[in-house]
file query-v8.csv (CSV, C-alpha atoms and all ligand atoms)
chain,number,residue,atom,x,y,z
A,1,MET,CA,125.1,108.6,74.5
A,2,ASN,CA,127.2,106.2,76.6
A,3,PHE,CA,125.5,103.6,78.9
A,4,LEU,CA,125.9,105.5,82.1
A,5,GLU,CA,124.4,108.6,80.6
A,6,LEU,CA,121.4,106.6,79.4
A,7,ILE,CA,121.0,105.2,82.9
A,8,LYS,CA,121.1,108.8,84.3
A,9,ILE,CA,118.4,110.1,82.1
A,10,ARG,CA,116.1,107.0,82.7
A,11,GLN,CA,113.7,108.1,85.3
A,12,SER,CA,110.1,107.3,86.2
A,13,VAL,CA,108.0,109.5,84.0
A,14,ARG,CA,104.6,110.5,85.4
A,15,LYS,CA,103.6,113.2,83.0
A,16,TYR,CA,102.9,112.3,79.4
A,17,SER,CA,102.1,114.1,76.2
A,18,ASP,CA,99.2,112.8,74.2
A,19,LYS,CA,101.4,111.9,71.2
A,20,ASN,CA,101.0,108.2,70.2
A,21,VAL,CA,103.9,105.8,70.4
A,22,GLU,CA,105.0,104.4,67.1
A,23,THR,CA,104.6,100.6,66.9
A,24,GLU,CA,108.2,100.2,65.6
A,25,LYS,CA,109.4,101.9,68.8
A,26,ILE,CA,107.3,99.6,71.0
A,27,GLU,CA,108.6,96.6,69.1
A,28,LYS,CA,112.2,97.8,69.7
A,29,CYS,CA,111.6,98.0,73.5
A,30,ILE,CA,110.0,94.5,73.4
A,31,GLU,CA,113.1,93.3,71.5
A,32,ALA,CA,115.4,94.7,74.2
A,33,ALA,CA,113.3,92.9,76.9
A,34,ARG,CA,113.3,89.7,74.8
A,35,LEU,CA,117.1,89.7,74.8
A,36,ALA,CA,117.4,89.9,78.6
A,37,PRO,CA,119.2,87.3,80.6
A,38,SER,CA,117.3,84.9,82.8
A,39,ALA,CA,118.0,82.0,85.1
A,40,SER,CA,118.6,78.9,83.0
A,41,ASN,CA,117.5,81.1,80.1
A,42,ALA,CA,114.0,80.4,81.2
A,43,GLN,CA,112.6,83.7,79.9
A,44,PRO,CA,109.5,83.5,82.2
A,45,TRP,CA,107.7,86.5,80.8
A,46,LYS,CA,105.0,87.8,78.4
A,47,PHE,CA,104.5,91.4,77.5
A,48,ILE,CA,101.0,92.5,76.8
A,49,VAL,CA,101.0,95.8,74.9
A,50,VAL,CA,97.9,97.7,75.7
A,51,ASN,CA,97.6,100.6,73.3
A,52,ASN,CA,93.9,100.6,72.5
A,53,PRO,CA,92.9,103.8,74.3
A,54,GLU,CA,89.7,102.5,75.9
A,55,LEU,CA,91.3,99.3,77.1
A,56,LYS,CA,94.4,101.2,78.3
A,57,ASN,CA,92.1,103.5,80.4
A,58,LYS,CA,90.4,100.5,81.9
A,59,ILE,CA,93.8,99.2,83.0
A,60,ALA,CA,94.9,102.6,84.2
A,61,ASN,CA,91.7,102.9,86.3
A,62,ASP,CA,92.8,99.7,88.1
A,63,THR,CA,96.1,101.2,89.3
A,64,PHE,CA,94.7,103.8,91.7
A,65,SER,CA,91.7,104.6,93.9
A,66,THR,CA,90.4,107.5,95.9
A,67,VAL,CA,92.3,106.2,98.9
A,68,VAL,CA,95.6,105.5,97.0
A,69,PRO,CA,95.6,108.0,94.1
A,70,PHE,CA,99.3,108.2,93.3
A,71,ASN,CA,99.1,106.2,90.1
A,72,LYS,CA,96.4,108.4,88.6
A,73,PHE,CA,99.0,109.7,86.1
A,74,THR,CA,98.7,106.3,84.3
A,75,LEU,CA,95.6,107.7,82.5
A,76,GLN,CA,97.9,110.1,80.6
A,77,ALA,CA,100.2,107.4,79.3
A,78,PRO,CA,99.2,106.2,75.8
A,79,VAL,CA,100.5,102.7,76.4
A,80,ILE,CA,100.6,100.3,79.3
A,81,ILE,CA,102.6,97.1,79.1
A,82,VAL,CA,101.4,94.3,81.3
A,83,VAL,CA,104.3,92.0,82.2
A,84,THR,CA,103.1,88.5,83.2
A,85,ILE,CA,105.2,86.0,85.0
A,86,GLU,CA,105.2,82.7,83.1
A,87,LYS,CA,106.2,79.2,84.1
A,88,PRO,CA,110.0,79.0,84.0
A,89,ASN,CA,111.7,75.9,82.6
A,90,VAL,CA,112.5,72.9,84.7
A,91,MET,CA,116.1,73.8,85.4
A,92,SER,CA,115.1,77.2,86.7
A,93,MET,CA,112.3,75.8,88.8
A,94,ILE,CA,114.5,73.2,90.4
A,95,GLY,CA,117.3,75.8,91.0
A,96,SER,CA,114.8,78.2,92.5
A,97,ARG,CA,113.4,75.6,94.9
A,98,LEU,CA,116.9,74.2,95.9
A,99,LYS,CA,118.4,77.6,96.4
A,100,ASN,CA,115.3,79.3,97.8
A,101,LYS,CA,115.5,82.2,95.3
A,102,GLU,CA,112.7,83.6,93.2
A,103,TYR,CA,114.6,83.6,90.0
A,104,LYS,CA,111.5,84.4,87.9
A,105,LEU,CA,111.1,87.7,89.8
A,106,ILE,CA,114.7,88.6,89.3
A,107,ASP,CA,114.3,87.7,85.6
A,108,ILE,CA,111.3,89.9,84.9
A,109,GLY,CA,113.0,92.7,86.8
A,110,ILE,CA,115.9,92.6,84.4
A,111,ALA,CA,113.7,92.3,81.3
A,112,THR,CA,111.6,95.2,82.5
A,113,GLU,CA,114.7,97.4,82.9
A,114,HIS,CA,115.9,96.4,79.5
A,115,PHE,CA,112.6,97.6,78.2
A,116,CYS,CA,112.8,100.9,80.1
A,117,LEU,CA,116.3,101.7,79.0
A,118,GLN,CA,115.5,101.0,75.4
A,119,ALA,CA,112.5,103.3,75.7
A,120,THR,CA,114.7,106.0,77.2
A,121,GLU,CA,117.1,105.8,74.3
A,122,LEU,CA,114.2,106.3,71.9
A,123,GLY,CA,113.1,109.5,73.7
A,124,LEU,CA,110.2,107.7,75.4
A,125,GLY,CA,109.3,107.8,79.1
A,126,THR,CA,108.4,104.8,81.3
A,127,CYS,CA,107.3,104.1,84.8
A,128,ILE,CA,107.3,100.7,86.4
A,129,LEU,CA,104.2,100.0,88.5
A,130,GLY,CA,104.0,97.5,91.3
A,131,TRP,CA,100.7,98.9,92.7
A,132,PHE,CA,97.6,97.8,90.8
A,133,ASN,CA,94.5,95.6,91.1
A,134,GLU,CA,95.8,92.4,89.7
A,135,ASN,CA,92.6,90.5,89.6
A,136,LYS,CA,90.7,93.2,87.8
A,137,ILE,CA,93.4,93.6,85.2
A,138,LYS,CA,93.6,89.8,84.6
A,139,LYS,CA,89.8,89.8,84.0
A,140,ILE,CA,90.0,92.7,81.5
A,141,LEU,CA,92.8,91.0,79.5
A,142,ASN,CA,91.6,87.4,79.9
A,143,ILE,CA,94.8,86.5,81.7
A,144,PRO,CA,94.2,83.0,83.3
A,145,LYS,CA,93.5,83.2,87.0
A,146,LYS,CA,96.6,81.1,88.0
A,147,LYS,CA,99.0,83.5,86.2
A,148,THR,CA,100.7,86.4,88.0
A,149,ILE,CA,101.2,89.9,86.8
A,150,GLY,CA,104.7,91.0,87.8
A,151,VAL,CA,104.6,94.7,86.9
A,152,LEU,CA,103.0,97.2,84.6
A,153,ILE,CA,105.0,99.7,82.6
A,154,THR,CA,103.6,103.0,81.4
A,155,LEU,CA,105.0,104.1,78.1
A,156,GLY,CA,104.7,107.4,76.2
A,157,TYR,CA,106.4,110.6,75.2
A,158,PRO,CA,107.2,112.7,78.3
A,159,CYS,CA,105.3,116.0,78.3
A,160,ASN,CA,107.2,119.1,77.0
A,161,GLU,CA,108.2,120.7,80.3
A,162,TYR,CA,109.9,117.6,81.3
A,163,ILE,CA,113.2,117.9,83.2
A,164,ILE,CA,115.7,115.3,84.3
A,165,ARG,CA,115.7,115.1,88.1
A,166,ASP,CA,118.7,114.4,90.2
A,167,LYS,CA,118.8,110.8,91.3
A,168,LYS,CA,118.0,110.2,95.0
A,169,ARG,CA,120.1,107.2,95.8
A,170,LYS,CA,122.1,105.8,98.7
A,171,ASN,CA,125.8,106.8,98.7
A,172,THR,CA,128.2,104.4,97.1
A,173,ASP,CA,129.8,103.9,100.6
A,174,GLU,CA,126.5,102.6,101.9
A,175,ILE,CA,126.1,99.9,99.3
A,176,ARG,CA,129.5,98.8,98.2
A,177,THR,CA,132.2,97.0,100.1
A,178,TYR,CA,135.3,95.1,98.8
A,179,ASN,CA,136.2,91.6,100.1
A,180,LYS,CA,133.9,91.8,103.1
A,181,TYR,CA,130.2,92.3,104.0
B,201,LIG,C1,109.0,97.1,91.2
B,201,LIG,C2,108.7,98.5,91.1
B,201,LIG,C3,107.4,99.0,91.5
B,201,LIG,C4,107.1,100.4,91.3
B,201,LIG,N1,105.9,100.8,91.5
B,201,LIG,C5,105.5,102.1,91.3
B,201,LIG,C6,104.2,102.5,91.4
B,201,LIG,O1,103.2,101.7,91.6
B,201,LIG,N2,103.9,103.8,91.1
B,201,LIG,C7,104.9,104.7,90.8
B,201,LIG,O2,104.6,105.9,90.6
B,201,LIG,N3,106.2,104.3,90.8
B,201,LIG,C8,106.5,103.0,91.0
B,201,LIG,N4,107.8,102.6,90.9
B,201,LIG,C9,108.9,103.6,90.5
B,201,LIG,C10,109.8,103.9,91.7
B,201,LIG,O3,109.1,104.7,92.6
B,201,LIG,C11,111.0,104.6,91.1
B,201,LIG,O4,111.7,103.8,90.2
B,201,LIG,C12,112.0,105.1,92.2
B,201,LIG,O5,111.4,106.0,93.1
B,201,LIG,C13,113.3,105.7,91.7
B,201,LIG,O6,113.0,106.8,90.9
B,201,LIG,P1,113.3,106.9,89.3
B,201,LIG,O7,112.7,105.7,88.6
B,201,LIG,O8,112.7,108.2,88.8
B,201,LIG,O9,114.8,106.9,89.2
B,201,LIG,C14,108.1,101.3,91.0
B,201,LIG,C15,109.4,100.8,90.6
B,201,LIG,C16,109.7,99.5,90.7
B,201,LIG,C17,111.1,99.0,90.3
call {"tool": "encode", "arguments": {"input": "query-v8.csv", "output": "structure tokens"}}
result
Amino acid sequence: MNFLELIKIRQSVRKYSDKNVETEKIEKCIEAARLAPSASNAQPWKFIVVNNPELKNKIANDTFSTVVPFNKFTLQAPVIIVVTIEKPNVMSMIGSRLKNKEYKLIDIGIATEHFCLQATELGLGTCILGWFNENKIKKILNIPKKKTIGVLITLGYPCNEYIIRDKKRKNTDEIRTYNKY
């Protein structure tokens, strides 16, 4: 599979089979994330792998409510990765301040996508989640109050009747220009 093919089959997976994910495969995804680039090589991230079924369900339950139920599918996923944003190094912090850019958010976005693409190559499905009850999840996992959770990633084998959807994206002409805005 070439890289663009891998990108095309990576999609948010919201239906999972109950097959467990092998630890070696989880570790491979973590390795892909570990090798991601970051501002001043700060690597401002930690990845908490939640694969204990009871604990995972507790986390899943904090990603949806009766009013906002769209993340209920997380209960099906055998693994949830909690990506915390860690303190960057001094160079990155200074650069961030001077240039008014949230480098650490950019960094965890890149690492998260590395994780997801590696998972896709291994036949696994992922969905990045930005909607969750951060305080409750921090309590469950004993994450210090002052830390921030960037995203969660669901991980598991897609269910059998899974199909690759067409990507709904802006046209190239809407997003790309040469030599001018
Ligand atoms: C930062 C971020 C937060 C997201 N939050 C959620 C979420 O809470 N629930 C969900 O079902 N999908 C979530 N998504 C997935 C997006 O909806 C999805 O990536 C987008 O619609 C494109 O679809 P695709 O991933 O299938 O290509 C999130 C994606 C990103 C990058």
call {"tool": "atom_distance", "arguments": {"input": "query-v8.csv", "atom1": "atom CA of A:Asn51", "atom2": "atom CA of A:Pro78"}}
result
6.3 Å
call {"tool": "atom_distance", "arguments": {"input": "query-v8.csv", "atom1": "atom CA of A:Gln118", "atom2": "atom CA of A:Lys28"}}
result
7.3 Å
call {"tool": "closest_atom_pairs", "arguments": {"input": "query-v8.csv", "of": "chain A", "to": "ligand LIG 201 (chain B)", "cutoff": "10 Å", "atoms": "only C-alpha atoms and all ligand atoms", "output": "tab-separated table"}}
result
residue	atom	partner	partner_atom	distance
A:Ile7	CA	B:LIG201	O9	9.0
A:Lys8	CA	B:LIG201	O9	8.2
A:Ile9	CA	B:LIG201	O9	8.6
A:Arg10	CA	B:LIG201	O9	6.6
A:Gln11	CA	B:LIG201	O8	3.6
A:Ser12	CA	B:LIG201	O8	3.8
A:Val13	CA	B:LIG201	O8	6.8
A:Arg14	CA	B:LIG201	O2	6.9
A:Thr63	CA	B:LIG201	O1	7.5
A:Phe64	CA	B:LIG201	O1	8.8
A:Pro69	CA	B:LIG201	N2	9.8
A:Phe70	CA	B:LIG201	O2	6.4
A:Asn71	CA	B:LIG201	N2	5.5
A:Lys72	CA	B:LIG201	O2	8.8
A:Phe73	CA	B:LIG201	O2	8.1
A:Thr74	CA	B:LIG201	O2	8.6
A:Leu105	CA	B:LIG201	C1	9.7
A:Ile108	CA	B:LIG201	C1	9.8
A:Gly109	CA	B:LIG201	C1	7.4
A:Ile110	CA	B:LIG201	C17	9.9
A:Thr112	CA	B:LIG201	C17	8.7
A:Glu113	CA	B:LIG201	C17	8.4
A:Cys116	CA	B:LIG201	O7	9.8
A:Thr126	CA	B:LIG201	O7	8.5
A:Cys127	CA	B:LIG201	C9	5.9
A:Ile128	CA	B:LIG201	C15	4.7
A:Leu129	CA	B:LIG201	N1	3.5
A:Gly130	CA	B:LIG201	C3	3.7
A:Trp131	CA	B:LIG201	O1	3.9
A:Phe132	CA	B:LIG201	O1	6.9
A:Gly150	CA	B:LIG201	C1	8.2
A:Val151	CA	B:LIG201	C1	6.6
A:Leu152	CA	B:LIG201	N1	8.3
A:Ile153	CA	B:LIG201	C4	9.0
A:Thr154	CA	B:LIG201	C7	9.6
A:Ile164	CA	B:LIG201	O8	8.9
A:Arg165	CA	B:LIG201	O8	7.6
A:Asp166	CA	B:LIG201	O9	8.5
A:Lys167	CA	B:LIG201	O9	6.0
A:Lys168	CA	B:LIG201	C13	7.3
A:Arg169	CA	B:LIG201	C13	8.1
call {"tool": "closest_residue", "arguments": {"input": "query-v8.csv", "among": "A:Lys104, A:Lys25, A:Gln76, A:Thr84", "to": "A:Lys145", "atoms": "all atoms listed in the file"}}
result
A:Thr84
call {"tool": "closest_residue", "arguments": {"input": "query-v8.csv", "among": "A:Thr23, A:Asn57, A:Asn89, A:Ser17", "to": "A:Gln43", "atoms": "only C-alpha atoms"}}
result
A:Asn89
call {"tool": "residues_around", "arguments": {"input": "query-v8.csv", "residues": "A:Ile85", "least_positions_apart": "4", "cutoff": "6 Å", "atoms": "all atoms listed in the file", "output": "ChimeraX atom specification"}}
result
/A:44-45,148-150
call {"tool": "atom_distance", "arguments": {"input": "query-v8.csv", "atom1": "atom CA of A:Lys87", "atom2": "atom CA of A:Ile26"}}
result
24.3 Å
call {"tool": "residues_around", "arguments": {"input": "query-v8.csv", "residues": "A:Ala33", "least_positions_apart": "3", "cutoff": "6 Å", "atoms": "only C-alpha atoms", "output": "MDAnalysis selection string"}}
result
chainID A and resid 30 36 111 114:115
call {"tool": "residues_around", "arguments": {"input": "query-v8.csv", "residues": "A:Lys139", "least_positions_apart": "6", "cutoff": "12 Å", "atoms": "all atoms listed in the file", "output": "list in words"}}
result
Leu55, Lys58, Ile59, Asp62, Asn133, Lys145, Lys146, Lys147 and Ile149 of chain A
call {"tool": "closest_residue", "arguments": {"input": "query-v8.csv", "among": "A:Tyr162, A:Ile140, A:Tyr181, A:Leu117", "to": "A:Val50", "atoms": "all atoms listed in the file"}}
result
A:Ile140
call {"tool": "closest_residue", "arguments": {"input": "query-v8.csv", "among": "A:Val68, A:Ala42, A:Leu98, A:Gly125", "to": "A:Ile163", "atoms": "only C-alpha atoms"}}
result
A:Gly125
call {"tool": "closest_residue", "arguments": {"input": "query-v8.csv", "among": "A:Ala77, A:Val82, A:Ile175, A:Cys29", "to": "A:Glu121", "atoms": "only C-alpha atoms"}}
result
A:Cys29
call {"tool": "closest_residue", "arguments": {"input": "query-v8.csv", "among": "A:Glu161, A:Lys15, A:Lys170, A:Pro88", "to": "A:Tyr103", "atoms": "all atoms listed in the file"}}
result
A:Pro88
call {"tool": "build_atoms", "arguments": {"input": "query-v8.csv", "residues": "stretch 7-18 of chain A", "atoms": "all heavy atoms", "output": "short mmCIF file (atom, residue, chain, number, x, y, z; two decimals), in the coordinates of the input"}}
result
data_model
loop_
_atom_site.label_atom_id
_atom_site.label_comp_id
_atom_site.auth_asym_id
_atom_site.auth_seq_id
_atom_site.Cartn_x
_atom_site.Cartn_y
_atom_site.Cartn_z
N ILE A 7 121.53 105.61 81.61
CA ILE A 7 121.00 105.20 82.90
C ILE A 7 120.61 106.48 83.72
O ILE A 7 119.59 106.49 84.42
CB ILE A 7 122.04 104.39 83.69
CG1 ILE A 7 122.04 102.97 83.11
CG2 ILE A 7 121.77 104.36 85.19
CD1 ILE A 7 123.08 102.06 83.65
N LYS A 8 121.42 107.54 83.57
CA LYS A 8 121.10 108.80 84.30
C LYS A 8 119.89 109.48 83.86
O LYS A 8 119.20 110.15 84.63
CB LYS A 8 122.34 109.69 84.34
CG LYS A 8 123.43 109.20 85.30
CD LYS A 8 124.63 110.11 85.30
CE LYS A 8 125.69 109.57 86.27
NZ LYS A 8 127.02 110.13 86.02
N ILE A 9 119.59 109.37 82.58
CA ILE A 9 118.40 110.10 82.10
C ILE A 9 117.12 109.19 82.18
O ILE A 9 116.01 109.66 82.02
CB ILE A 9 118.53 110.71 80.71
CG1 ILE A 9 118.78 109.65 79.64
CG2 ILE A 9 119.59 111.78 80.70
CD1 ILE A 9 118.51 110.19 78.24
N ARG A 10 117.30 107.90 82.43
CA ARG A 10 116.10 107.00 82.70
C ARG A 10 115.55 107.41 84.03
O ARG A 10 116.23 107.41 85.03
CB ARG A 10 116.55 105.58 82.66
CG ARG A 10 115.48 104.54 82.44
CD ARG A 10 114.65 104.09 83.64
NE ARG A 10 115.33 104.11 84.92
CZ ARG A 10 114.73 104.51 86.05
NH1 ARG A 10 113.48 104.87 86.09
NH2 ARG A 10 115.43 104.54 87.19
N GLN A 11 114.32 107.80 84.03
CA GLN A 11 113.70 108.10 85.30
C GLN A 11 112.19 107.78 85.17
O GLN A 11 111.67 107.64 84.07
CB GLN A 11 113.87 109.57 85.68
CG GLN A 11 113.30 110.55 84.69
CD GLN A 11 113.62 112.00 85.03
OE1 GLN A 11 114.29 112.28 86.01
NE2 GLN A 11 113.13 112.92 84.21
N SER A 12 111.54 107.64 86.29
CA SER A 12 110.10 107.30 86.20
C SER A 12 109.38 108.58 85.71
O SER A 12 109.47 109.67 86.30
CB SER A 12 109.59 106.99 87.63
OG SER A 12 110.18 105.79 88.05
N VAL A 13 108.68 108.39 84.60
CA VAL A 13 108.00 109.50 84.00
C VAL A 13 106.50 109.41 84.35
O VAL A 13 105.86 108.39 84.13
CB VAL A 13 108.16 109.43 82.42
CG1 VAL A 13 107.25 110.43 81.71
CG2 VAL A 13 109.62 109.69 82.07
N ARG A 14 106.02 110.49 84.94
CA ARG A 14 104.60 110.50 85.40
C ARG A 14 103.80 111.61 84.81
O ARG A 14 102.71 111.93 85.29
CB ARG A 14 104.61 110.57 86.96
CG ARG A 14 105.31 109.38 87.63
CD ARG A 14 105.18 109.38 89.13
NE ARG A 14 105.84 108.21 89.72
CZ ARG A 14 107.11 108.17 90.12
NH1 ARG A 14 107.86 109.26 89.98
NH2 ARG A 14 107.63 107.08 90.64
N LYS A 15 104.36 112.22 83.73
CA LYS A 15 103.60 113.20 83.00
C LYS A 15 103.85 112.94 81.49
O LYS A 15 105.00 113.00 81.04
CB LYS A 15 104.08 114.64 83.29
CG LYS A 15 103.46 115.24 84.52
CD LYS A 15 103.90 116.68 84.65
CE LYS A 15 103.35 117.28 85.94
NZ LYS A 15 103.90 118.62 86.17
N TYR A 16 102.78 112.66 80.77
CA TYR A 16 102.90 112.30 79.40
C TYR A 16 102.25 113.25 78.44
O TYR A 16 101.22 113.84 78.80
CB TYR A 16 102.38 110.87 79.14
CG TYR A 16 103.18 109.79 79.84
CD1 TYR A 16 102.82 109.36 81.11
CD2 TYR A 16 104.30 109.23 79.24
CE1 TYR A 16 103.56 108.37 81.77
CE2 TYR A 16 105.05 108.24 79.89
CZ TYR A 16 104.67 107.83 81.15
OH TYR A 16 105.41 106.86 81.80
N SER A 17 102.82 113.38 77.22
CA SER A 17 102.10 114.10 76.20
C SER A 17 101.10 113.16 75.55
O SER A 17 101.21 111.94 75.76
CB SER A 17 103.09 114.64 75.12
OG SER A 17 103.36 113.63 74.19
N ASP A 18 100.15 113.69 74.77
CA ASP A 18 99.20 112.80 74.20
C ASP A 18 99.61 112.15 72.88
O ASP A 18 98.85 111.46 72.22
CB ASP A 18 97.77 113.40 74.12
CG ASP A 18 97.82 114.75 73.48
OD1 ASP A 18 98.85 115.04 72.84
OD2 ASP A 18 96.85 115.52 73.63
#
